[in-house]
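Here is coords_18.txt, consisting of compact mmCIF, C-alpha atoms:
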# COMPACT_ATOMS: atom_id res chain seq x y z
CA MET G 1 -30.32 32.13 7.52
CA GLU G 2 -29.66 29.53 10.22
CA LYS G 3 -26.51 29.93 12.31
CA ILE G 4 -24.35 26.87 12.99
CA ALA G 5 -21.33 26.60 15.28
CA VAL G 6 -18.84 23.88 14.33
CA LEU G 7 -16.63 22.95 17.28
CA GLY G 8 -13.24 21.68 16.12
CA ALA G 9 -11.41 22.74 12.96
CA GLY G 10 -9.34 19.64 12.34
CA MET G 11 -9.39 17.84 9.02
CA VAL G 12 -12.92 16.48 9.51
CA GLY G 13 -14.32 19.58 11.22
CA ARG G 14 -13.11 21.78 8.37
CA THR G 15 -14.86 19.62 5.77
CA ILE G 16 -18.11 19.71 7.76
CA ALA G 17 -17.92 23.48 8.10
CA ILE G 18 -17.29 24.00 4.38
CA ASP G 19 -20.18 21.75 3.43
CA LEU G 20 -22.66 23.34 5.85
CA SER G 21 -21.65 26.85 4.75
CA LYS G 22 -23.70 26.22 1.61
CA VAL G 23 -26.93 26.20 3.63
CA ALA G 24 -26.21 28.26 6.75
CA GLU G 25 -24.03 30.90 8.35
CA VAL G 26 -21.17 28.89 9.85
CA THR G 27 -18.68 29.84 12.52
CA SER G 28 -15.85 27.44 13.34
CA PHE G 29 -14.23 27.35 16.78
CA ASP G 30 -10.90 25.80 17.72
CA ILE G 31 -7.98 26.52 20.02
CA ASN G 32 -5.59 26.05 17.08
CA LEU G 33 -5.40 29.25 15.01
CA ARG G 34 -3.53 27.48 12.21
CA ASN G 35 -6.44 25.10 11.67
CA LEU G 36 -8.86 28.00 11.57
CA ILE G 37 -6.77 29.91 9.03
CA LEU G 38 -6.57 26.81 6.81
CA LEU G 39 -10.36 26.66 6.92
CA ARG G 40 -10.89 30.35 6.16
CA ASP G 41 -8.44 30.14 3.25
CA LYS G 42 -10.60 27.40 1.74
CA GLU G 43 -13.94 29.10 2.45
CA PRO G 44 -13.74 32.83 3.29
CA SER G 45 -17.46 33.04 4.12
CA ILE G 46 -16.92 31.02 7.30
CA GLN G 47 -16.33 33.02 10.47
CA ILE G 48 -13.64 31.75 12.84
CA GLY G 49 -13.06 32.04 16.56
CA VAL G 50 -10.19 30.92 18.77
CA LEU G 51 -11.67 29.25 21.85
CA ASP G 52 -10.54 26.83 24.52
CA LEU G 53 -13.46 24.46 24.23
CA THR G 54 -12.62 22.80 27.52
CA ASN G 55 -14.14 25.84 29.26
CA TYR G 56 -17.46 24.03 29.37
CA GLN G 57 -18.92 26.40 31.96
CA ASN G 58 -18.82 29.19 29.37
CA TYR G 59 -20.77 27.39 26.63
CA GLY G 60 -23.96 29.30 27.40
CA GLU G 61 -22.14 32.54 26.63
CA TYR G 62 -20.13 31.18 23.70
CA PHE G 63 -22.99 29.66 21.73
CA GLN G 64 -26.11 31.54 22.79
CA ASN G 65 -26.55 33.10 19.33
CA PHE G 66 -26.35 29.83 17.38
CA ASP G 67 -29.32 27.74 16.26
CA TYR G 68 -27.39 24.47 15.91
CA VAL G 69 -24.03 23.02 16.88
CA VAL G 70 -21.77 20.36 15.38
CA SER G 71 -19.30 18.78 17.79
CA ALA G 72 -16.13 17.60 16.04
CA VAL G 73 -13.80 17.85 19.03
CA PRO G 74 -11.27 15.15 20.02
CA GLY G 75 -12.82 12.10 21.65
CA PHE G 76 -11.35 12.67 25.12
CA MET G 77 -13.43 15.85 25.51
CA GLY G 78 -16.44 14.78 23.43
CA TYR G 79 -18.77 13.61 26.20
CA GLU G 80 -18.41 16.70 28.36
CA THR G 81 -18.73 18.91 25.28
CA LEU G 82 -21.99 17.23 24.30
CA ARG G 83 -23.35 17.30 27.85
CA SER G 84 -22.62 21.02 28.12
CA LEU G 85 -24.25 21.78 24.76
CA ILE G 86 -27.39 19.89 25.79
CA GLU G 87 -27.44 21.84 29.06
CA CYS G 88 -27.48 25.00 26.92
CA GLY G 89 -30.51 23.70 25.01
CA LYS G 90 -28.73 23.25 21.68
CA ASN G 91 -29.65 20.80 18.91
CA VAL G 92 -26.46 18.92 18.07
CA CYS G 93 -24.96 16.54 15.53
CA ASP G 94 -21.92 14.90 17.10
CA ILE G 95 -18.93 13.18 15.52
CA SER G 96 -16.44 13.23 18.39
CA PHE G 97 -16.60 9.45 19.06
CA PHE G 98 -16.05 9.72 22.80
CA PRO G 99 -15.62 6.47 24.77
CA GLU G 100 -18.58 7.06 27.10
CA ASP G 101 -22.09 5.81 26.30
CA PRO G 102 -23.97 8.71 24.65
CA MET G 103 -27.31 7.27 25.74
CA ARG G 104 -26.48 8.39 29.29
CA LEU G 105 -27.42 11.86 28.03
CA ASP G 106 -30.78 10.85 26.56
CA SER G 107 -32.90 11.85 29.56
CA LEU G 108 -31.12 15.22 29.78
CA ALA G 109 -31.75 15.88 26.08
CA LYS G 110 -35.43 15.05 26.51
CA GLN G 111 -35.58 17.33 29.54
CA LYS G 112 -34.00 20.18 27.56
CA ASN G 113 -36.26 19.43 24.56
CA VAL G 114 -33.38 19.09 22.09
CA THR G 115 -32.47 16.76 19.23
CA VAL G 116 -29.05 15.10 19.35
CA ILE G 117 -27.65 12.74 16.71
CA THR G 118 -24.42 11.06 17.79
CA ASP G 119 -21.68 8.99 16.14
CA MET G 120 -22.51 10.37 12.70
CA GLY G 121 -19.40 9.31 10.82
CA VAL G 122 -18.30 6.39 8.69
CA ALA G 123 -17.69 3.84 11.48
CA PRO G 124 -19.40 4.28 13.79
CA GLY G 125 -21.96 5.97 11.62
CA MET G 126 -22.69 4.36 8.27
CA SER G 127 -22.27 0.90 9.77
CA ASN G 128 -25.05 1.74 12.23
CA LEU G 129 -27.17 3.39 9.57
CA PHE G 130 -27.13 0.33 7.30
CA LEU G 131 -27.87 -1.99 10.19
CA GLY G 132 -30.78 0.17 11.34
CA ARG G 133 -32.32 0.10 7.84
CA TYR G 134 -31.94 -3.63 7.17
CA ASN G 135 -33.04 -4.52 10.68
CA GLU G 136 -36.47 -3.26 9.59
CA VAL G 137 -36.76 -5.82 6.78
CA LEU G 138 -34.58 -8.77 7.84
CA LYS G 139 -34.20 -11.01 10.83
CA ILE G 140 -30.49 -10.35 11.20
CA THR G 141 -28.19 -13.00 12.65
CA ASP G 142 -24.74 -11.56 11.92
CA LEU G 143 -23.06 -8.21 11.44
CA GLU G 144 -19.39 -7.73 10.66
CA PHE G 145 -17.70 -4.66 9.32
CA TYR G 146 -14.17 -3.74 8.38
CA VAL G 147 -12.94 -0.18 7.96
CA GLY G 148 -9.71 1.70 7.39
CA GLY G 149 -8.58 5.23 6.62
CA LEU G 150 -5.14 4.90 5.04
CA PRO G 151 -2.50 6.83 3.09
CA LYS G 152 -2.74 6.00 -0.60
CA ASN G 153 1.05 5.62 -0.74
CA PRO G 154 2.16 4.09 2.58
CA LYS G 155 5.66 4.69 3.92
CA GLU G 156 7.75 2.83 6.46
CA PRO G 157 7.86 2.33 9.36
CA PHE G 158 4.19 2.93 10.21
CA LYS G 159 2.52 2.54 6.80
CA TYR G 160 -0.09 4.84 8.29
CA LYS G 161 -1.16 8.45 8.66
CA ALA G 162 -3.89 9.79 10.96
CA PRO G 163 -6.60 12.21 9.78
CA PHE G 164 -7.37 13.08 13.41
CA SER G 165 -5.74 13.15 16.83
CA PRO G 166 -3.07 10.44 17.38
CA TYR G 167 -4.35 10.22 20.96
CA ASP G 168 -7.71 9.05 19.61
CA VAL G 169 -6.03 6.47 17.36
CA ILE G 170 -4.01 5.13 20.30
CA GLU G 171 -7.22 4.93 22.32
CA GLU G 172 -8.58 2.72 19.53
CA TYR G 173 -5.48 0.53 19.79
CA THR G 174 -5.71 0.09 23.56
CA ARG G 175 -9.40 0.07 24.52
CA PRO G 176 -10.68 -3.52 24.94
CA ALA G 177 -12.92 -4.56 22.04
CA ARG G 178 -16.49 -5.52 22.89
CA MET G 179 -18.43 -7.74 20.52
CA GLN G 180 -21.46 -10.00 20.51
CA GLU G 181 -21.03 -13.76 20.15
CA ASN G 182 -23.98 -16.13 20.33
CA GLY G 183 -26.09 -13.50 22.02
CA GLU G 184 -23.55 -12.62 24.70
CA ILE G 185 -21.28 -9.58 24.97
CA VAL G 186 -17.64 -10.67 25.13
CA THR G 187 -14.54 -8.54 25.52
CA LYS G 188 -11.27 -9.21 23.73
CA PRO G 189 -7.98 -7.32 23.64
CA ALA G 190 -7.67 -4.56 21.07
CA LEU G 191 -5.51 -5.56 18.09
CA SER G 192 -6.40 -9.25 18.58
CA GLU G 193 -7.62 -11.89 16.09
CA ASN G 194 -5.77 -10.59 13.06
CA VAL G 195 -7.20 -11.54 9.66
CA LEU G 196 -5.91 -10.92 6.14
CA MET G 197 -8.40 -9.64 3.56
CA ASN G 198 -7.96 -8.95 -0.12
CA PHE G 199 -9.46 -5.88 -1.77
CA ASP G 200 -9.40 -5.30 -5.53
CA GLU G 201 -8.41 -1.66 -5.12
CA VAL G 202 -5.50 -2.04 -2.67
CA GLY G 203 -4.56 -5.71 -2.37
CA THR G 204 -4.14 -7.41 1.00
CA LEU G 205 -4.92 -5.59 4.24
CA GLU G 206 -4.93 -6.84 7.81
CA GLY G 207 -7.92 -6.45 10.11
CA PHE G 208 -7.94 -6.63 13.90
CA ASN G 209 -10.42 -6.23 16.72
CA THR G 210 -11.29 -2.72 17.88
CA ASP G 211 -14.14 -1.36 19.99
CA GLY G 212 -16.31 0.03 17.21
CA LEU G 213 -19.76 -1.44 17.92
CA ARG G 214 -20.55 1.11 20.64
CA THR G 215 -24.32 1.70 20.93
CA LEU G 216 -25.14 -1.32 18.77
CA LEU G 217 -24.36 -3.59 21.71
CA THR G 218 -27.46 -2.28 23.47
CA THR G 219 -29.72 -0.96 20.71
CA MET G 220 -29.28 -4.11 18.59
CA GLU G 221 -28.70 -6.67 21.33
CA HIS G 222 -31.16 -9.06 19.64
CA ILE G 223 -28.60 -9.73 16.89
CA PRO G 224 -26.61 -12.79 18.04
CA ASN G 225 -23.26 -12.03 16.40
CA MET G 226 -21.65 -8.63 15.82
CA LYS G 227 -18.00 -7.63 15.39
CA GLU G 228 -15.90 -4.78 14.03
CA LYS G 229 -12.32 -4.77 12.78
CA THR G 230 -10.00 -1.95 11.78
CA LEU G 231 -8.04 -2.29 8.53
CA ARG G 232 -4.38 -1.40 8.07
CA TYR G 233 -1.58 -2.21 5.64
CA VAL G 234 0.21 -5.45 6.45
CA GLY G 235 3.03 -4.84 8.94
CA HIS G 236 1.45 -1.95 10.83
CA LEU G 237 -0.11 -4.20 13.46
CA ASP G 238 3.15 -5.79 14.61
CA PHE G 239 4.81 -2.38 14.88
CA ILE G 240 1.97 -1.01 17.02
CA LYS G 241 1.87 -4.13 19.21
CA ASN G 242 5.56 -3.70 19.96
CA LEU G 243 5.03 -0.07 20.99
CA ARG G 244 2.11 -1.05 23.20
CA GLU G 245 3.96 -3.91 24.88
CA ALA G 246 6.96 -1.63 25.51
CA GLY G 247 4.73 0.77 27.43
CA PHE G 248 4.58 3.67 24.99
CA PHE G 249 0.77 3.83 25.30
CA SER G 250 0.64 3.66 29.09
CA LYS G 251 -1.53 6.20 30.91
CA GLU G 252 0.26 5.60 34.22
CA ASN G 253 2.38 8.43 35.65
CA MET G 254 6.12 7.77 35.71
CA LEU G 255 9.17 9.60 37.02
CA VAL G 256 11.78 10.77 34.55
CA ASN G 257 15.42 10.20 35.57
CA GLY G 258 14.30 9.78 39.15
CA THR G 259 13.34 13.44 39.35
CA THR G 260 10.04 14.94 40.45
CA LYS G 261 8.97 15.46 36.84
CA VAL G 262 6.02 13.17 36.20
CA ILE G 263 4.77 12.24 32.73
CA LYS G 264 2.41 9.80 31.09
CA PRO G 265 4.07 7.83 28.28
CA ILE G 266 0.94 8.11 26.10
CA ASP G 267 1.20 11.92 26.19
CA ILE G 268 4.78 11.85 24.93
CA THR G 269 3.97 9.21 22.30
CA SER G 270 1.02 11.24 21.04
CA GLU G 271 3.16 14.37 20.75
CA LEU G 272 5.82 12.49 18.81
CA LEU G 273 3.30 10.88 16.48
CA VAL G 274 1.52 14.13 15.62
CA ASN G 275 4.18 14.94 13.04
CA GLN G 276 4.92 11.34 12.08
CA TRP G 277 1.25 10.66 11.32
CA LYS G 278 0.26 14.06 9.96
CA TYR G 279 -0.72 14.17 6.30
CA ASP G 280 1.34 16.55 4.20
CA VAL G 281 -0.55 19.20 2.24
CA GLY G 282 -2.00 17.46 -0.81
CA GLU G 283 -1.00 13.98 0.37
CA GLU G 284 -3.58 11.49 -0.86
CA ASP G 285 -5.51 9.08 1.32
CA ILE G 286 -8.16 6.41 0.87
CA THR G 287 -11.10 5.08 2.85
CA ILE G 288 -12.09 1.46 2.51
CA MET G 289 -15.00 -0.26 4.24
CA LYS G 290 -16.95 -3.48 3.97
CA ILE G 291 -20.17 -4.18 5.89
CA ILE G 292 -21.63 -7.70 5.82
CA ILE G 293 -25.14 -8.24 7.18
CA LYS G 294 -26.50 -11.79 7.29
CA GLY G 295 -30.11 -12.66 7.98
CA ASN G 296 -33.27 -14.08 6.53
CA ILE G 297 -36.60 -12.92 5.24
CA GLU G 298 -39.54 -15.29 4.99
CA SER G 299 -37.19 -18.23 5.77
CA VAL G 300 -34.86 -17.31 2.88
CA ASP G 301 -31.23 -16.64 3.88
CA LEU G 302 -29.82 -13.39 2.57
CA ILE G 303 -26.50 -11.55 2.76
CA ILE G 304 -26.31 -7.79 2.27
CA GLU G 305 -22.84 -6.47 1.45
CA CYS G 306 -22.14 -2.74 1.51
CA ASN G 307 -18.80 -1.58 0.13
CA LEU G 308 -17.06 1.77 0.05
CA TYR G 309 -13.81 2.69 -1.64
CA ASP G 310 -13.03 6.39 -1.76
CA GLU G 311 -9.96 8.46 -2.62
CA TYR G 312 -8.64 11.94 -1.86
CA ASP G 313 -10.55 14.68 -3.70
CA VAL G 314 -7.81 16.25 -5.80
CA THR G 315 -10.05 18.97 -7.24
CA ASN G 316 -11.19 20.32 -3.88
CA GLN G 317 -8.12 19.15 -1.94
CA LEU G 318 -10.18 17.31 0.67
CA SER G 319 -9.07 14.10 2.31
CA SER G 320 -11.11 10.98 1.75
CA MET G 321 -11.56 10.32 5.47
CA SER G 322 -12.77 13.86 6.07
CA ARG G 323 -15.32 13.50 3.26
CA THR G 324 -16.58 9.98 4.00
CA THR G 325 -16.86 10.88 7.68
CA GLY G 326 -17.69 14.58 7.65
CA TYR G 327 -20.39 14.46 4.98
CA VAL G 328 -22.32 11.92 7.04
CA CYS G 329 -22.32 14.36 9.95
CA ALA G 330 -23.31 17.23 7.66
CA ALA G 331 -26.18 15.10 6.31
CA GLY G 332 -27.36 14.46 9.85
CA MET G 333 -27.30 18.16 10.62
CA ASN G 334 -29.31 18.83 7.46
CA LEU G 335 -31.94 16.36 8.68
CA ILE G 336 -32.28 18.48 11.82
CA ILE G 337 -32.16 21.86 10.05
CA ASN G 338 -34.81 20.81 7.51
CA LYS G 339 -37.07 19.48 10.29
CA MET G 340 -36.98 16.04 8.68
CA PHE G 341 -35.91 14.65 12.04
CA ASN G 342 -36.84 16.54 15.19
CA ASP G 343 -37.52 13.87 17.81
CA LYS G 344 -36.23 14.85 21.23
CA GLY G 345 -33.46 12.92 22.93
CA VAL G 346 -30.18 11.28 21.89
CA PHE G 347 -30.20 9.19 18.72
CA PRO G 348 -27.38 7.04 17.36
CA PRO G 349 -27.39 6.43 13.57
CA GLU G 350 -29.15 3.05 13.79
CA PHE G 351 -32.25 4.93 14.99
CA ILE G 352 -31.97 7.36 12.05
CA GLY G 353 -31.57 4.53 9.52
CA LYS G 354 -34.80 2.86 10.62
CA ASP G 355 -36.74 5.39 8.57
CA LYS G 356 -36.40 4.71 4.85
CA LYS G 357 -36.74 8.42 4.05
CA HIS G 358 -33.86 9.37 6.36
CA PHE G 359 -31.70 6.50 5.13
CA TYR G 360 -32.00 7.38 1.46
CA PHE G 361 -31.59 11.09 2.16
CA ILE G 362 -28.14 10.36 3.62
CA ILE G 363 -27.18 7.92 0.84
CA LYS G 364 -28.12 10.53 -1.78
CA TYR G 365 -26.39 13.31 0.19
CA LEU G 366 -23.16 11.32 0.03
CA HIS G 367 -23.67 10.36 -3.63
CA ASP G 368 -24.14 14.02 -4.56
CA ARG G 369 -20.68 14.61 -3.07
CA ASN G 370 -19.13 11.66 -4.92
CA VAL G 371 -19.02 9.34 -1.92
CA ASN G 372 -20.57 6.24 -3.41
CA TRP G 373 -21.65 3.16 -1.49
CA LYS G 374 -22.16 -0.05 -3.49
CA ILE G 375 -24.80 -2.40 -2.12
CA LYS G 376 -25.42 -5.96 -3.26
CA ALA G 377 -27.54 -8.82 -1.98
CA TYR G 378 -27.00 -12.53 -2.49
Once you've parsed the file, please lay out its structure as structure tokens.
Amino acid sequence: MEKIAVLGAGMVGRTIAIDLSKVAEVTSFDINLRNLILLRDKEPSIQIGVLDLTNYQNYGEYFQNFDYVVSAVPGFMGYETLRSLIECGKNVCDISFFPEDPMRLDSLAKQKNVTVITDMGVAPGMSNLFLGRYNEVLKITDLEFYVGGLPKNPKEPFKYKAPFSPYDVIEEYTRPARMQENGEIVTKPALSENVLMNFDEVGTLEGFNTDGLRTLLTTMEHIPNMKEKTLRYVGHLDFIKNLREAGFFSKENMLVNGTTKVIKPIDITSELLVNQWKYDVGEEDITIMKIIIKGNIESVDLIIECNLYDEYDVTNQLSSMSRTTGYVCAAGMNLIINKMFNDKGVFPPEFIGKDKKHFYFIIKYLHDRNVNWKIKAY
């Protein structure tokens, strides 16, 4: 039986590990013993190991006995984690969403003769996958997608909970948003250009610019217009803007009370928000996403709309965000394990979606786990 190491036992990493344990021997690694115990309680067949995964120089020793690796570490350490795994000659499916360009590692992956699929989540992830598929059949002119992972029952003052590291969420709220307009890459402030959108399942949500296009800006640069917006309950945006403007997200060192103690405000804010934004055991969440692809085929204009609405899995006690995100990553790893995809190098999801067989394998993989995308054309 194949051996898979899953790095990171947070909410998403645990779901990936549980899913992959059906087809392989899985060992989960994390520095947080509590997360590992939560995982083992859900699936006793999974082995666990407490590791400081920032000890990149030890990866060769740590993972020498594993056939494949999933990286589900926090974004701030994702790039170095992936680079180190490639150096060790490991085939990887990555969901860490680090800010660096993963294609910088393509030549190294080719040199090491390994297969790496990156950004295999919901967004980025499914947004790229759909675009890669329809780019094969349409001359696409516009892409826009809207996505949010939200508590089903929002509470003041944030109206939000985070299924992953608050530091990563704050990064999303502060990193300038790149988009394509009329064939040119433009950069706009994060949280800008707020729009209100109505959804049958949840009512009105607000969407704002975030930097979610990532590799699409280079791999799909022929598409004139592309943008991504994050969805939140109405009122969340103003609260976050006030925190940002007041300096709570600053990464600059500052003195405290004029003493020699130096801190970064973002570190304190992240620590405070860990508990504020943490989901309680059994607390229900939702994932909502809309992808709109506009183009034409044989001079006929066409719009493809892909919609996802998903709720917390009460039966298995799995969060919606962990399922809609984690199962995509698990599907990508299954493509590698089953030798359905074994090209060498680094591949974002738009490259995977180009192949109809790969695309429908992932759609069915999600459907079999009750994550159902609805696609319509008009």
Requested in this report: Can you work out the spacing between atom CA of G:Ile263 and atom CA of G:His236 in Å, to one decimal?
Outcome: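 Separation between atom CA of G:Ile263 and atom CA of G:His236: 26.3 Å.
Within 12 Å of the point (-15.8, 29.2, 25.5) in file coordinates, and counting all atoms listed in the file, lie the residues Ala5, Leu7, Phe29, Asp30, Ile31, Gly49, Val50, Leu51, Asp52, Leu53, Thr54, Asn55, Tyr56, Gln57, Asn58, Tyr59, Gly60, Glu61, Tyr62, Phe63, Gln64, Thr81, Ser84 and Leu85 of chain G.
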**Report entry** Spatial neighbours of G:Glu228, 7 Å, all atoms listed in the file, chain gap at least 6 places, as a list in words
**Finding:**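 Within the cut-off, the hits are Glu144, Phe145, Tyr146, Asn209, Thr210, Gly212 and Leu213 of chain G.
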Could you write out that same residue set with C-alpha atoms as a tab-separated table (two decimals), in the coordinates of the input?
chain	number	residue	atom	x	y	z
G	144	GLU	CA	-19.39	-7.73	10.66
G	145	PHE	CA	-17.70	-4.66	9.32
G	146	TYR	CA	-14.17	-3.74	8.38
G	209	ASN	CA	-10.42	-6.23	16.72
G	210	THR	CA	-11.29	-2.72	17.88
G	212	GLY	CA	-16.31	0.03	17.21
G	213	LEU	CA	-19.76	-1.44	17.92
Report summary line: Residue with the minimum atom-to-atom distance to G:Thr269, picked from G:Asn242, G:Thr324, G:Thr315, G:Ser250 with only C-alpha atoms counted, is G:Ser250
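With distances taken over only C-alpha atoms, G:Met333 is the one residue among G:Phe351, G:Glu252, G:Met333, G:Gly183 lying closest to G:Val6.
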Report task. Write out as a PyMOL selection string each polymer residue whose atoms come within 7 Å of stretch 118-129 of chain G, counting all atoms listed in the file; drop sequence neighbours fewer than 5 positions from it. Result -> chain G and resi 93-95+97+212+291+324-326+328-329+332+347-350+352-353
Report task. Mind listing whatever residues come within 12 Å of the point (-17.3, 34.4, 2.8)? Use all atoms listed in the file, file coordinates, and give them as a ChimeraX atom specification. Result -> /G:18,21-22,24-27,39-48
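Across the model, the gap from atom CA of G:Asn275 to atom CA of G:Ser165 is 10.8 Å.
What separates atom CA of G:Ile170 from atom CA of G:Ile293 is a distance of 28.2 Å.
With all atoms listed in the file as the basis for measurement, G:Glu184 is the residue among G:Glu184, G:Glu245, G:Glu298, G:Glu201 that approaches G:Leu217 most closely.
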Requested in this report: Have a look at G:Lys344, G:Arg244, G:Arg178, G:Lys161 and name the one nearest to G:Asp280; count all atoms listed in the file.
Outcome: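 Answer, going by the shortest atom-to-atom distance: G:Lys161.
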Query raised in the report: With distances taken over all atoms listed in the file, which of G:Lys364, G:Lys152, G:Lys278, G:Arg83 is nearest to G:Ser320?
Result: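 Smallest separation from G:Ser320 among the options: G:Lys152.
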**Report entry** Closest of G:Ala246, G:Leu82, G:Val137, G:Ile297 to G:Pro102 - atom-to-atom distances counting all atoms listed in the file
**Finding:**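 Comparing G:Ala246, G:Leu82, G:Val137, G:Ile297 against G:Pro102, the winner is G:Leu82.
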Requested in this report: May I have the residues within 9 Å of G:Thr204 as a VMD selection string, using all atoms listed in the file and disregarding those fewer than 6 positions away in the same chain?
Outcome: chain G and resid 196 to 198 233 to 234
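Near G:Lys241, within a cut-off of 12 Å and counting all atoms listed in the file, sit the residues G:Phe158, G:Ile170, G:Tyr173, G:Thr174, G:Pro189, G:Ala190, G:Leu191, G:Ser192, G:Asn194, G:Phe208, G:Gly235, G:His236, G:Leu237, G:Asp238, G:Arg244, G:Glu245, G:Ala246, G:Gly247, G:Phe248, G:Phe249, with same-chain residues fewer than 3 positions away left out.
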Keeping C-alpha atoms for every residue in the selection just given, could you write it to a file as an mmCIF file, in the coordinates of the input?
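The resulting file, result09.cif, is shown below:
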data_model
loop_
_atom_site.group_PDB
_atom_site.id
_atom_site.type_symbol
_atom_site.label_atom_id
_atom_site.label_comp_id
_atom_site.auth_asym_id
_atom_site.auth_seq_id
_atom_site.Cartn_x
_atom_site.Cartn_y
_atom_site.Cartn_z
ATOM 1 C CA PHE G 158 4.190 2.930 10.210
ATOM 2 C CA ILE G 170 -4.010 5.130 20.300
ATOM 3 C CA TYR G 173 -5.480 0.530 19.790
ATOM 4 C CA THR G 174 -5.710 0.090 23.560
ATOM 5 C CA PRO G 189 -7.980 -7.320 23.640
ATOM 6 C CA ALA G 190 -7.670 -4.560 21.070
ATOM 7 C CA LEU G 191 -5.510 -5.560 18.090
ATOM 8 C CA SER G 192 -6.400 -9.250 18.580
ATOM 9 C CA ASN G 194 -5.770 -10.590 13.060
ATOM 10 C CA PHE G 208 -7.940 -6.630 13.900
ATOM 11 C CA GLY G 235 3.030 -4.840 8.940
ATOM 12 C CA HIS G 236 1.450 -1.950 10.830
ATOM 13 C CA LEU G 237 -0.110 -4.200 13.460
ATOM 14 C CA ASP G 238 3.150 -5.790 14.610
ATOM 15 C CA ARG G 244 2.110 -1.050 23.200
ATOM 16 C CA GLU G 245 3.960 -3.910 24.880
ATOM 17 C CA ALA G 246 6.960 -1.630 25.510
ATOM 18 C CA GLY G 247 4.730 0.770 27.430
ATOM 19 C CA PHE G 248 4.580 3.670 24.990
ATOM 20 C CA PHE G 249 0.770 3.830 25.300
#
Within 9 Å of G:Lys294 using all atoms listed in the file, minus same-chain residues under 6 positions, as a PDB file with C-alpha atoms, in the frame of the given file:
ATOM      1  CA  LEU G 138     -34.580  -8.770   7.840  1.00  0.00           C
ATOM      2  CA  LYS G 139     -34.200 -11.010  10.830  1.00  0.00           C
ATOM      3  CA  ILE G 140     -30.490 -10.350  11.200  1.00  0.00           C
ATOM      4  CA  THR G 141     -28.190 -13.000  12.650  1.00  0.00           C
ATOM      5  CA  ASP G 142     -24.740 -11.560  11.920  1.00  0.00           C
ATOM      6  CA  LEU G 143     -23.060  -8.210  11.440  1.00  0.00           C
ATOM      7  CA  GLU G 144     -19.390  -7.730  10.660  1.00  0.00           C
ATOM      8  CA  ASP G 301     -31.230 -16.640   3.880  1.00  0.00           C
ATOM      9  CA  LEU G 302     -29.820 -13.390   2.570  1.00  0.00           C
ATOM     10  CA  ILE G 303     -26.500 -11.550   2.760  1.00  0.00           C
ATOM     11  CA  ILE G 304     -26.310  -7.790   2.270  1.00  0.00           C
ATOM     12  CA  GLU G 305     -22.840  -6.470   1.450  1.00  0.00           C
TER      13      GLU G 305
END
